[in-house]
Each structure stands twice: as C-alpha cells, then as structure tokens.
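Text of the file run_10.txt, holding compact mmCIF, C-alpha atoms and all ligand atoms:
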```
# COMPACT_ATOMS: atom_id res chain seq x y z
CA MET Q 132 19.87 122.07 33.13
CA ARG Q 133 22.44 120.40 30.90
CA LEU Q 134 25.95 120.05 32.25
CA LEU Q 135 29.04 118.91 30.39
CA VAL Q 136 31.91 117.66 32.57
CA ILE Q 137 35.16 117.31 30.64
CA GLY Q 138 37.19 114.43 32.05
CA GLY Q 139 35.80 111.47 33.94
CA SER Q 140 38.53 110.73 36.44
CA ASP Q 141 38.28 111.40 40.18
CA ALA Q 142 37.33 115.06 39.97
CA GLY Q 143 35.10 114.65 36.94
CA ILE Q 144 33.04 111.77 38.27
CA SER Q 145 32.73 113.50 41.65
CA ALA Q 146 31.51 116.67 39.95
CA GLY Q 147 28.99 114.84 37.79
CA LEU Q 148 27.60 112.71 40.58
CA ARG Q 149 27.35 115.62 43.00
CA ALA Q 150 25.53 117.73 40.43
CA ARG Q 151 23.00 114.93 39.90
CA GLU Q 152 22.68 114.42 43.63
CA LEU Q 153 21.73 118.05 44.19
CA ASP Q 154 19.69 118.44 41.04
CA PRO Q 155 18.19 115.09 39.96
CA THR Q 156 16.77 116.78 36.87
CA ALA Q 157 20.21 117.86 35.65
CA ASP Q 158 21.27 116.21 32.41
CA VAL Q 159 24.93 115.47 33.12
CA THR Q 160 27.29 114.29 30.42
CA LEU Q 161 30.83 113.18 31.25
CA LEU Q 162 33.20 113.60 28.35
CA VAL Q 163 35.88 110.95 28.70
CA ALA Q 164 38.97 110.29 26.64
CA ASP Q 165 38.83 106.51 27.00
CA ARG Q 166 36.41 103.70 27.78
CA HIS Q 167 37.08 103.72 31.50
CA PRO Q 168 35.62 106.63 33.40
CA ASN Q 169 36.88 106.74 36.96
CA PHE Q 170 39.74 104.33 36.19
CA SER Q 171 41.97 103.85 39.25
CA ILE Q 172 45.24 105.41 38.15
CA CYS Q 173 46.48 104.84 41.68
CA GLY Q 174 46.15 101.11 41.18
CA ILE Q 175 48.46 100.99 38.16
CA PRO Q 176 51.64 100.42 40.22
CA TYR Q 177 49.94 97.40 41.78
CA HIS Q 178 49.05 96.00 38.39
CA VAL Q 179 52.68 96.47 37.33
CA SER Q 180 53.86 94.75 40.52
CA GLY Q 181 51.49 91.86 39.88
CA ASP Q 182 49.41 92.40 43.02
CA VAL Q 183 46.41 93.18 40.79
CA PRO Q 184 46.91 90.81 37.83
CA ASP Q 185 43.98 92.01 35.71
CA TRP Q 186 44.11 95.73 34.89
CA ARG Q 187 40.41 95.71 34.12
CA ASN Q 188 39.76 95.37 37.84
CA LEU Q 189 41.14 98.91 38.25
CA ALA Q 190 38.17 100.36 36.42
CA HIS Q 191 35.56 101.51 38.91
CA ARG Q 192 33.13 102.00 36.05
CA THR Q 193 32.91 101.59 32.31
CA THR Q 194 31.02 103.75 29.87
CA ALA Q 195 28.44 100.97 29.85
CA THR Q 196 27.90 101.08 33.61
CA CYS Q 197 28.13 104.86 33.88
CA THR Q 198 24.62 105.37 32.62
CA PRO Q 199 21.61 107.52 33.38
CA PRO Q 200 20.07 108.27 35.79
CA ALA Q 201 23.51 109.01 37.26
CA CYS Q 202 25.44 110.42 34.31
CA THR Q 203 25.81 109.86 30.62
CA CYS Q 204 29.29 109.13 29.34
CA ALA Q 205 30.35 110.56 26.04
CA SER Q 206 33.55 109.25 24.55
CA ASN Q 207 36.12 111.71 23.31
CA THR Q 208 38.43 109.23 21.64
CA GLY Q 209 37.94 110.54 18.13
CA PRO Q 210 40.35 112.55 16.05
CA SER Q 211 39.35 115.87 17.52
CA PRO Q 212 40.05 115.97 21.23
CA SER Q 213 37.41 118.59 21.80
CA THR Q 214 34.49 117.17 19.82
CA PRO Q 215 32.05 114.92 21.67
CA THR Q 216 31.20 111.80 19.65
CA ARG Q 217 27.87 111.51 21.40
CA THR Q 218 25.26 113.95 22.63
CA PRO Q 219 23.47 114.98 19.44
CA SER Q 220 23.01 118.70 18.96
CA PRO Q 221 24.71 119.57 22.20
CA PRO Q 222 23.63 122.80 23.80
CA PRO Q 223 26.32 125.29 24.62
CA PRO Q 224 28.01 123.86 27.71
CA ARG Q 225 27.28 125.74 30.88
CA THR Q 226 29.99 128.23 31.44
CA ALA Q 227 32.06 128.38 34.57
CA ALA Q 228 30.15 128.43 37.80
CA PRO Q 229 30.78 131.40 40.05
CA ARG Q 230 33.63 129.79 41.93
CA CYS Q 231 34.87 126.96 39.83
CA SER Q 232 34.56 125.38 36.47
CA ALA Q 233 32.74 122.16 35.79
CA THR Q 234 35.78 121.21 33.75
CA THR Q 235 37.90 118.86 35.78
CA GLY Q 236 41.38 117.43 36.07
CA SER Q 237 43.94 118.72 38.50
CA SER Q 238 45.86 120.52 35.84
CA SER Q 239 42.89 121.82 33.91
CA ALA Q 240 40.45 122.79 36.64
CA PRO Q 241 41.88 125.06 39.24
CA VAL Q 242 39.41 125.58 42.03
CA PRO Q 243 40.33 128.58 44.12
CA SER Q 244 41.22 127.76 47.68
CA PRO Q 245 39.78 130.59 49.75
CA PRO Q 246 40.88 131.40 53.25
CA SER Q 247 39.56 128.59 55.37
CA ARG Q 248 40.16 126.75 58.56
CA ARG Q 249 42.86 124.80 56.74
CA SER Q 250 44.58 127.70 55.11
CA ALA Q 251 47.24 128.23 57.76
CA ALA Q 252 48.74 124.82 57.17
CA SER Q 253 47.68 124.28 53.57
CA THR Q 254 50.80 123.38 51.75
CA GLY Q 255 49.94 123.14 48.11
CA SER Q 256 53.13 121.13 48.03
CA GLY Q 257 53.59 117.61 46.75
CA PRO Q 258 51.63 115.96 43.98
CA PRO Q 259 47.85 116.34 43.88
CA THR Q 260 45.94 113.57 45.58
CA VAL Q 261 42.72 111.79 44.80
CA SER Q 262 41.19 113.10 47.98
CA THR Q 263 41.76 116.66 46.79
CA SER Q 264 40.41 115.87 43.32
CA CYS Q 265 37.27 114.31 44.75
CA THR Q 266 36.56 117.23 47.07
CA GLN Q 267 37.32 119.78 44.35
CA GLY Q 268 35.10 117.88 41.92
CA ARG Q 269 32.31 117.74 44.48
CA VAL Q 270 32.56 121.50 44.98
CA ALA Q 271 32.59 122.08 41.21
CA GLY Q 272 29.56 119.82 40.74
CA ALA Q 273 27.61 121.55 43.49
CA ASN Q 274 28.38 125.01 42.18
CA ALA Q 275 27.64 124.07 38.59
CA VAL Q 276 24.00 123.47 39.58
CA GLY Q 277 23.79 126.73 41.49
CA GLY Q 278 25.34 125.78 44.81
CA ASP Q 279 27.64 127.79 46.99
CA ALA Q 280 30.19 125.17 48.05
CA VAL Q 281 33.70 126.23 49.00
CA PHE Q 282 36.84 124.13 48.68
CA ALA Q 283 38.37 123.98 52.17
CA GLY Q 284 41.96 123.64 50.99
CA SER Q 285 44.47 120.82 50.96
CA LEU Q 286 47.03 119.71 53.50
CA GLY Q 287 48.86 117.52 51.00
CA THR Q 288 48.15 114.44 53.11
CA GLN Q 289 49.79 111.42 51.49
CA ALA Q 290 50.77 107.83 52.21
CA VAL Q 291 53.07 105.55 50.24
CA LYS Q 292 53.71 101.84 50.69
CA VAL Q 293 57.21 100.64 49.77
CA PHE Q 294 57.44 96.87 50.19
CA ASP Q 295 56.39 96.31 53.82
CA ARG Q 296 57.00 99.90 54.91
CA VAL Q 297 54.60 102.82 54.85
CA VAL Q 298 55.51 106.49 54.98
CA ALA Q 299 52.85 109.14 55.38
CA GLY Q 300 52.71 112.85 56.00
CA THR Q 301 50.37 115.80 56.29
CA GLY Q 302 50.72 119.55 56.54
CA LEU Q 303 54.03 121.34 56.82
CA ARG Q 304 57.53 120.05 57.54
CA ASP Q 305 60.06 122.09 59.48
CA ASP Q 306 61.50 123.71 56.36
CA THR Q 307 58.18 124.44 54.67
CA ALA Q 308 56.76 125.80 57.92
CA ARG Q 309 59.70 128.16 58.25
CA ALA Q 310 59.31 129.23 54.62
CA ALA Q 311 55.62 129.92 55.32
CA GLY Q 312 56.57 132.33 58.09
CA TYR Q 313 56.13 130.13 61.15
CA ASP Q 314 58.65 129.63 63.92
CA PRO Q 315 58.55 125.85 63.96
CA ILE Q 316 59.70 123.35 66.53
CA THR Q 317 60.05 119.84 65.16
CA VAL Q 318 60.63 116.72 67.23
CA ALA Q 319 61.14 113.09 66.28
CA VAL Q 320 60.34 110.04 68.39
CA THR Q 321 60.32 106.30 67.87
CA VAL Q 322 57.56 104.39 69.65
CA ASP Q 323 55.92 100.99 69.26
CA ASP Q 324 52.66 100.68 67.38
CA HIS Q 325 51.22 98.63 70.25
CA LYS Q 326 52.24 97.29 73.64
CA ALA Q 327 55.64 95.61 73.38
CA TYR Q 328 54.56 92.62 75.48
CA TYR Q 329 51.96 91.68 72.87
CA PRO Q 330 53.59 89.82 69.94
CA GLY Q 331 54.26 91.67 66.72
CA ALA Q 332 54.94 95.18 67.99
CA THR Q 333 56.84 97.28 65.44
CA PRO Q 334 58.43 100.73 65.80
CA ILE Q 335 56.84 103.85 64.39
CA GLN Q 336 59.09 106.79 63.64
CA ALA Q 337 57.06 109.94 64.14
CA ARG Q 338 58.00 113.55 63.53
CA ILE Q 339 55.73 116.46 64.26
CA THR Q 340 56.04 120.18 63.72
CA GLY Q 341 54.29 122.83 65.77
CA ASP Q 342 54.46 126.58 65.90
CA ARG Q 343 56.53 127.89 68.82
CA SER Q 344 54.48 131.00 69.51
CA THR Q 345 50.95 129.62 69.15
CA GLY Q 346 51.49 125.94 69.88
CA ARG Q 347 49.51 125.14 66.76
CA LEU Q 348 50.10 121.79 65.09
CA LEU Q 349 51.47 122.38 61.60
CA GLY Q 350 52.42 118.98 60.24
CA ALA Q 351 53.49 115.41 60.88
CA GLN Q 352 55.20 112.50 59.17
CA LEU Q 353 55.15 108.83 60.17
CA LEU Q 354 57.18 105.85 59.00
CA GLY Q 355 56.58 102.26 60.02
CA HIS Q 356 55.53 98.75 59.14
CA ARG Q 357 52.61 98.20 56.82
CA GLY Q 358 50.59 96.72 59.67
CA ALA Q 359 51.13 99.69 61.96
CA GLU Q 360 48.20 101.77 60.67
CA ILE Q 361 50.57 104.51 59.55
CA ALA Q 362 48.14 106.07 57.07
CA LYS Q 363 45.22 106.14 59.48
CA ARG Q 364 47.39 107.53 62.24
CA VAL Q 365 48.56 110.37 60.02
CA ASP Q 366 44.92 111.04 59.23
CA ILE Q 367 44.41 111.84 62.92
CA TYR Q 368 46.96 114.63 62.52
CA ALA Q 369 45.28 115.74 59.29
CA ILE Q 370 41.94 116.07 61.03
CA ALA Q 371 43.54 117.94 63.90
CA ILE Q 372 45.28 120.39 61.57
CA SER Q 373 42.06 120.88 59.61
CA TYR Q 374 40.40 122.11 62.76
CA ALA Q 375 43.34 124.28 63.81
CA ALA Q 376 44.27 122.09 66.78
CA SER Q 377 47.31 122.78 68.91
CA VAL Q 378 49.91 120.12 69.63
CA ALA Q 379 48.55 120.06 73.17
CA ASP Q 380 45.08 119.24 71.81
CA ILE Q 381 46.50 115.97 70.45
CA THR Q 382 47.34 114.81 73.95
CA ASP Q 383 43.74 115.49 75.00
CA LEU Q 384 42.22 113.24 72.34
CA ALA Q 385 40.24 110.29 73.67
CA LEU Q 386 41.70 107.60 71.40
CA SER Q 387 41.02 103.89 71.58
CA TYR Q 388 43.38 101.48 73.32
CA THR Q 389 43.83 97.76 73.55
CA PRO Q 390 47.30 96.09 73.88
CA PRO Q 391 47.34 94.30 70.48
CA LEU Q 392 46.51 97.53 68.65
CA GLY Q 393 47.87 100.48 70.57
CA SER Q 394 49.10 102.01 73.79
CA PRO Q 395 47.42 104.17 76.40
CA TRP Q 396 49.35 107.03 74.87
CA ASP Q 397 49.10 106.21 71.19
CA ALA Q 398 52.15 106.84 68.98
CA VAL Q 399 50.33 109.90 67.64
CA GLN Q 400 50.12 111.28 71.16
CA ALA Q 401 53.61 110.18 72.19
CA ALA Q 402 55.01 112.52 69.55
CA ALA Q 403 52.87 115.37 70.86
CA LEU Q 404 54.03 114.70 74.42
CA ALA Q 405 57.66 114.82 73.23
CA TRP Q 406 56.96 118.09 71.43
CA GLN Q 407 55.59 119.63 74.61
CA ARG Q 408 58.76 118.64 76.48
CA GLU Q 409 60.92 120.46 73.96
CA PRO Q 410 62.53 123.63 75.37
CA GLY Q 411 60.68 126.68 74.07
CA ALA Q 412 57.52 124.79 73.20
C1 LIG P 501 50.76 106.00 38.90
C2 LIG P 501 49.99 106.92 39.80
C3 LIG P 501 49.68 106.53 41.09
C4 LIG P 501 48.97 107.41 41.92
N1 LIG P 501 48.68 107.01 43.19
C5 LIG P 501 47.99 107.82 43.99
C6 LIG P 501 47.63 107.42 45.30
O1 LIG P 501 47.96 106.31 45.75
N2 LIG P 501 46.93 108.28 46.07
C7 LIG P 501 46.55 109.52 45.61
O2 LIG P 501 45.89 110.26 46.36
N3 LIG P 501 46.86 109.92 44.36
C8 LIG P 501 47.56 109.11 43.54
N4 LIG P 501 47.86 109.52 42.28
C9 LIG P 501 47.40 110.83 41.83
C10 LIG P 501 45.93 110.74 41.38
O3 LIG P 501 45.79 109.72 40.42
C11 LIG P 501 45.51 112.08 40.82
O4 LIG P 501 45.68 113.06 41.81
C12 LIG P 501 44.05 112.03 40.42
O5 LIG P 501 43.78 110.98 39.53
C13 LIG P 501 43.70 113.35 39.78
O6 LIG P 501 42.35 113.25 39.39
P1 LIG P 501 41.72 114.39 38.52
O7 LIG P 501 40.33 113.95 38.18
O8 LIG P 501 41.87 115.69 39.21
O9 LIG P 501 42.65 114.47 37.24
P2 LIG P 501 43.02 113.33 36.17
O10 LIG P 501 43.06 111.97 36.81
O11 LIG P 501 44.22 113.83 35.46
O12 LIG P 501 41.76 113.35 35.22
C14 LIG P 501 41.60 114.23 34.17
C15 LIG P 501 40.83 113.46 33.12
O13 LIG P 501 40.42 114.36 32.10
C16 LIG P 501 40.54 113.67 30.88
N5 LIG P 501 40.57 114.68 29.84
C17 LIG P 501 41.41 115.74 29.73
N6 LIG P 501 41.09 116.44 28.62
C18 LIG P 501 40.04 115.82 28.04
C19 LIG P 501 39.26 116.07 26.88
N7 LIG P 501 39.51 117.10 26.07
N8 LIG P 501 38.26 115.21 26.58
C20 LIG P 501 37.99 114.19 27.39
N9 LIG P 501 38.68 113.90 28.51
C21 LIG P 501 39.70 114.71 28.81
C22 LIG P 501 41.82 112.89 31.00
O14 LIG P 501 41.85 111.82 30.08
C23 LIG P 501 41.68 112.37 32.46
O15 LIG P 501 41.01 111.14 32.50
C24 LIG P 501 48.56 108.67 41.44
C25 LIG P 501 48.86 109.06 40.12
C26 LIG P 501 49.56 108.19 39.32
C27 LIG P 501 49.87 108.63 37.90
```
Take the structure in this file and express it as structure tokens.
Amino acid sequence: MRLLVIGGSDAGISAGLRARELDPTADVTLLVADRHPNFSICGIPYHVSGDVPDWRNLAHRTTATCTPPACTCASNTGPSPSTPTRTPSPPPPRTAAPRCSATTGSSSAPVPSPPSRRSAASTGSGPPTVSTSCTQGRVAGANAVGGDAVFAGSLGTQAVKVFDRVVAGTGLRDDTARAAGYDPITVAVTVDDHKAYYPGATPIQARITGDRSTGRLLGAQLLGHRGAEIAKRVDIYAIAISYAASVADITDLALSYTPPLGSPWDAVQAAALAWQREPGA
C-alpha cells in the first residue's frame, strides 16, 4: 500500500507513524511544506521569549531524520503547492478512508466525532490542541491502512502559562453547559496546593461545573502557581469526564498524598466536596 499524508505537523506525523506501525509494509510519504516535519509550533512563544534561544531545537525531526523505515518526507516547497517534488511517478494517492481522510491539519482534515463516552461534555470550543491533532492523526493513520479506529471526541482541555501562573481548563463552563442543555451548578474554591505547614504552599483557585439532575461532572478550571501542578490536576478532571464520572466520583478517587506535594483531600477533590455541599446538588 502507498499512502500520501499531506502535512507533517502533529496530525500528519501521527497518521504516518500509526499507519506504518499497523502495516509495516505500507509505503508512507509525508508531504511537508517546509524542511521541518513535526516542528513544535507550541514552542514558538518560548523562542520569542528567549527561553528557547535556538529555534532549531523546536524541530522534533527534519526531513533528513524522518526517513524510511518510518516515513519518507517529500518537500512541497516548490511553486505549486500541490505538486510533490519527490516521489517519482507517484501512484494515485489513496482516497479517503471510510471514516477520515489521510490528509491532515486541523483545518483541512475534519475527522468526524461520533457519539462516544466523551460526547456529553465534548465542547468543540476553544482552539484545537496538539493532543486532539495527535489522536485524530492516529485514527486517520489507522483507518488509512484498513483499520476501524474511532475518534473519541475532544474536551478542549488546555493549559497556559503566563509568567509564573498557570491556568487550565477542561470540558464545559457554566455558560457553555447551560447552552448545551444542562442544568449546571458551578462552585469556586481556593485551596492550597499542599499542606500549609510545609514551606512553599500556594493557593489554587478551582472552579468545577456539574449537572444538577445527574450529578455528572461537566467541566473544571484551575488557576495557580506554576509549581502547583495545575495542568496535571486538570488532567484528572479530564480523565474523569472522559469516563462519564460524577462529581461524587471525584471524592472517591484514591489520589496520592504527602505534605510537600498535596493534601489528604487534594485540591481537585476539595472542589468536588464544595460542589456536593451546594444546595440542590
Ligand atoms: C503559537 C502557537 C502556540 C501553540 N501552543 C499550543 C500549546 O501549547 N498546546 C497545544 O495543545 N496547542 C498549541 N497550539 C496549537 C497547535 O499547534 C495545533 O493545534 C497543532 O499544531 C495542529 O496540528 P495539525 O497537525 O492538526 O495542524 P497544523 O499544525 O496546522 O499542520 C498542518 C500542516 O499541513 C501543512 N500543509 C498544509 N497544506 C499543505 C500542502 N498542500 N502541502 C504540504 N503541506 C501542507 C502545513 O504546512 C502544516 O505544517 C499552538 C499554536 C500556535 C500557533
């Protein structure tokens, strides 16, 4: 099988590598518009800020290192944006797989999001994330070589660092939950990231949204110091939402605890406890 993947960013490289993983005989060509397949766009702000002085370090691969047996890179930097400059006598590219195209790029490769365990809280809001591109690409790559993979949906989980602060969120907010037809209850709490008696404790502002009638967790946002594991804590909520957990389920989680790093009721759970105390919850 010969497979042409147009675009070698997060989705494209994921599609190409997954196709090769499942079918080692597949002849996969990544058509890229520059010399840096899988270049870390996300790292550009940190090059601009000076944290990553050399922009070349943002390239996960180059066309030279993206070689068979994994994938072949074909450069598309010539005058015609649609004409490969490599791959002599290319065969007709494989047409779209049953569920999704091998063509990638968030804007150019929509992969249908079927009803799934995530669908109830899938937002589709906010900018696309690398995580979504990688999973969509992996699905596209699998299906391009005859697989039957299904994209599970996106919660729009995101984290942003601004100086020494981190803000992160997943799923629905109060307003988006209401717009999606839920009857949300949203609570906000401020709790320390670890035991206050151990030096360096910093406050985490947490807000979670659950559905009044079902108790289902719909979304959460956290804000705190860079050292407060904000992104990883929001990922706990993302996992819970992915598996249709209730807010009460969060309080049942057996999370780790040691005074320098957390509390017996972690901040993630403290917000859930506050939600349960809310009248009507
Ligand atoms: C400054 C910045 C910071 C970001 N930070 C984060 C972050 O911290 N976390 C996060 O999750 N997301 C972040 N994102 C978003 C993330 O970069 C995108 O969601 C992700 O790169 C999308 O990957 P993709 O493969 O779906 O699409 P794209 O990255 O858009 O890749 C599509 C590729 O296809 C190529 N292409 C298109 N047409 C052709 C053609 N005809 N021939 C050859 N090649 C073609 C394009 O050149 C491009 O390389 C950031 C984005 C930006 C711009």
Near-ligand residues for ligand LIG 501 (chain P), threshold 7 Å, all atoms listed in the file, as a PyMOL selection string: chain Q and resi 137-143+162-165+172-176+207+212-213+235-238+258-262+264+289+291
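The spacing separating atom CA of Q:Thr160 from atom CA of Q:Ala271 amounts to 14.3 Å.
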Please list as number ranges by chain every residue within 6 Å of stretch 388-391 of chain Q, counting all atoms listed in the file and excluding residues in the same chain fewer than 2 positions away. Q: 325-326, 329, 393-395
The residue from Q:Leu392, Q:Ala405, Q:Leu349, Q:Asp383 with the smallest atom-to-atom distance to Q:Ala337, counting all atoms listed in the file, is Q:Ala405
Nearest residue to Q:Asp342 out of Q:Tyr177, Q:Trp396, Q:Tyr313, Q:Phe170, using all atoms listed in the file?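 Smallest distance to Q:Asp342 is found for Q:Tyr313.
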Which distance in Å separates atom CA of Q:Ala351 and atom CA of Q:Tyr328, to one decimal? 27.1 Å
Pairwise distance for atom CA of Q:Gly278 and atom CA of Q:Tyr374, rounded to one decimal in Å: 23.7 Å
Using only C-alpha atoms, can you tell me which of Q:Asp323, Q:Asp305, Q:Asp397, Q:Asp295 comes closest to Q:Gly358?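 Among the listed residues, the smallest separation from Q:Gly358 belongs to Q:Asp295.
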Using only C-alpha atoms, pick whichever of Q:Leu286, Q:Ala280, Q:Val159, Q:Ala403 has the shortest atom-to-atom distance to Q:Val318. Q:Ala403
